Structures are given as structure tokens and as C-alpha cells.
Amino acid sequence: MTFPPSQTNRAHNLRIVGTFRNETEPANLDWQPLESKLLAAAAYDGQRRRLYLRFHSGEVYCYFTFHADQYRDFLDAESQGKYFLNHIRSQFPYERLLRHR
């Protein structure tokens with residue numbers, strides 16, 4: 001199985017989980033800038049249990065069924081990039097949103 005270039009990257013493996021939509025991120029999110037080589041910012045919607053991650057490439061992904069305590073652990077991690085790779089990527093259903101401009 002091959003994927004178009006925009007769907008293959010080091011952060012996601014579409015053979016495990018994922019969908020793509022032409023939706024944009026909600027406008028009322030409180031984005032937290034991150035000091036990470038991989039991630040630029042994160043936002044969390046506690047009511048819907050959704051984690052939004054903006055990568056330095058400008059791509060934004062939404063991760064579903066993400067609990068508030070997991071978001072706190074993510075923000076408190078020594079490396080948010082490593083936490084993402086070990087505890088979020090391939091662990092939660094997600095969708096890719098329109099690229100941030």
C-alpha cells in the first residue's frame with residue numbers, strides 16, 4: 001500500500017489509525033506554544049476530549065478520546081516530542097485538519 005507524499009511522514013503511520021478531512025481547527029482553541037523540535041503548539045478541548053497538535057510543518061492533527069490528565073502529563077513531559085512519539089502517535093484515533101497558514 002502506498003500513500004501520496006502528503007500522507008507519509010515520520011509522525012504518523014496511516015496503516016495503524018487515522019482519517020483525513022477537509023476541516024479546519026476550531027477558532028476558539030487556546031494554543032500553548034511548545035519548545036519542541038517536532039511540535040510547534042498544542043491545544044486541548046476538555047469537553048470533547050480532543051487534543052490538537054500543530055507541527056512545525058504547519059500541519060494540524062486532532063486526537064480523539066484524549067483525557068485531561070494525559071494532556072497535563074504531555075505538557076509536563078521533559079520532551080513533548082518524545083511523549084508524542086511514545087504515548088500519542090499510533091495510540092489514539094486522529095484526523096488531519098487543514099494546514100495552518
# chains A, B, ... in the order shown; residues from 1 in each chain; ligands from 1
call {"tool": "residues_around", "arguments": {"residues": "A:Gly81", "least_positions_apart": "5", "cutoff": "10 Å", "atoms": "only C-alpha atoms", "output": "PyMOL selection string"}}
result
chain A and resi 11+34-40+55+74+86-88
call {"tool": "write_last_selection", "arguments": {"atoms": "N, CA and C atoms", "output": "compact mmCIF listing (two decimals), in the first residue's frame"}}
result
# COMPACT_ATOMS: atom_id res chain seq x y z
N ALA A 11 5.85 11.35 11.61
CA ALA A 11 5.00 11.45 12.80
C ALA A 11 3.81 10.50 12.79
N LEU A 34 5.01 25.29 22.25
CA LEU A 34 5.85 24.23 22.80
C LEU A 34 7.29 24.43 22.36
N GLU A 35 8.21 24.06 23.24
CA GLU A 35 9.62 24.06 22.89
C GLU A 35 9.98 22.64 22.48
N SER A 36 9.80 22.36 21.20
CA SER A 36 9.98 21.01 20.69
C SER A 36 10.51 21.10 19.26
N LYS A 37 11.34 20.17 18.89
CA LYS A 37 11.83 20.12 17.51
C LYS A 37 10.74 19.62 16.56
N LEU A 38 9.77 18.88 17.09
CA LEU A 38 8.72 18.27 16.28
C LEU A 38 7.42 19.08 16.29
N LEU A 39 7.04 19.57 17.47
CA LEU A 39 5.73 20.21 17.67
C LEU A 39 5.88 21.70 17.92
N ALA A 40 4.99 22.49 17.31
CA ALA A 40 5.02 23.93 17.49
C ALA A 40 4.08 24.39 18.61
N PHE A 55 2.23 20.94 14.15
CA PHE A 55 3.62 20.58 13.88
C PHE A 55 4.34 21.76 13.24
N PHE A 74 1.40 15.29 29.17
CA PHE A 74 2.06 15.70 27.93
C PHE A 74 2.76 17.05 28.12
N ASN A 86 5.94 8.37 21.87
CA ASN A 86 5.80 7.17 22.70
C ASN A 86 4.38 6.92 23.23
N HIS A 87 3.58 7.98 23.40
CA HIS A 87 2.30 7.83 24.08
C HIS A 87 1.08 8.31 23.30
N ILE A 88 1.28 9.03 22.20
CA ILE A 88 0.13 9.57 21.47
C ILE A 88 0.06 9.00 20.07
call {"tool": "residues_around", "arguments": {"residues": "A:Tyr63", "least_positions_apart": "5", "cutoff": "7 Å", "atoms": "only C-alpha atoms", "output": "VMD selection string"}}
result
chain A and resid 50 to 52 92 to 95
call {"tool": "closest_residue", "arguments": {"among": "A:Arg89, A:Arg48, A:Lys82, A:Arg96", "to": "A:His67", "atoms": "only C-alpha atoms"}}
result
A:Arg48
call {"tool": "select_by_dssp", "arguments": {"residues": "stretch 16-96 of chain A", "states": "alpha helix (DSSP H)", "output": "number ranges by chain"}}
result
A: 68-76, 80-83
call {"tool": "atom_distance", "arguments": {"atom1": "atom CA of A:Thr65", "atom2": "atom CA of A:Ala42"}}
result
15.5 Å
call {"tool": "atom_distance", "arguments": {"atom1": "atom CA of A:Phe64", "atom2": "atom CA of A:Leu29"}}
result
15.1 Å
call {"tool": "closest_residue", "arguments": {"among": "A:Asp69, A:Glu59, A:Glu78, A:Asp30", "to": "A:Asp45", "atoms": "only C-alpha atoms"}}
result
A:Asp30
call {"tool": "atom_distance", "arguments": {"atom1": "atom CA of A:Ser57", "atom2": "atom CA of A:Trp31"}}
result
16.1 Å
call {"tool": "select_by_dssp", "arguments": {"residues": "stretch 19-72 of chain A", "states": "strand (DSSP E)", "output": "PyMOL selection string"}}
result
chain A and resi 19-20+32-33+39-45+50-55+60-63
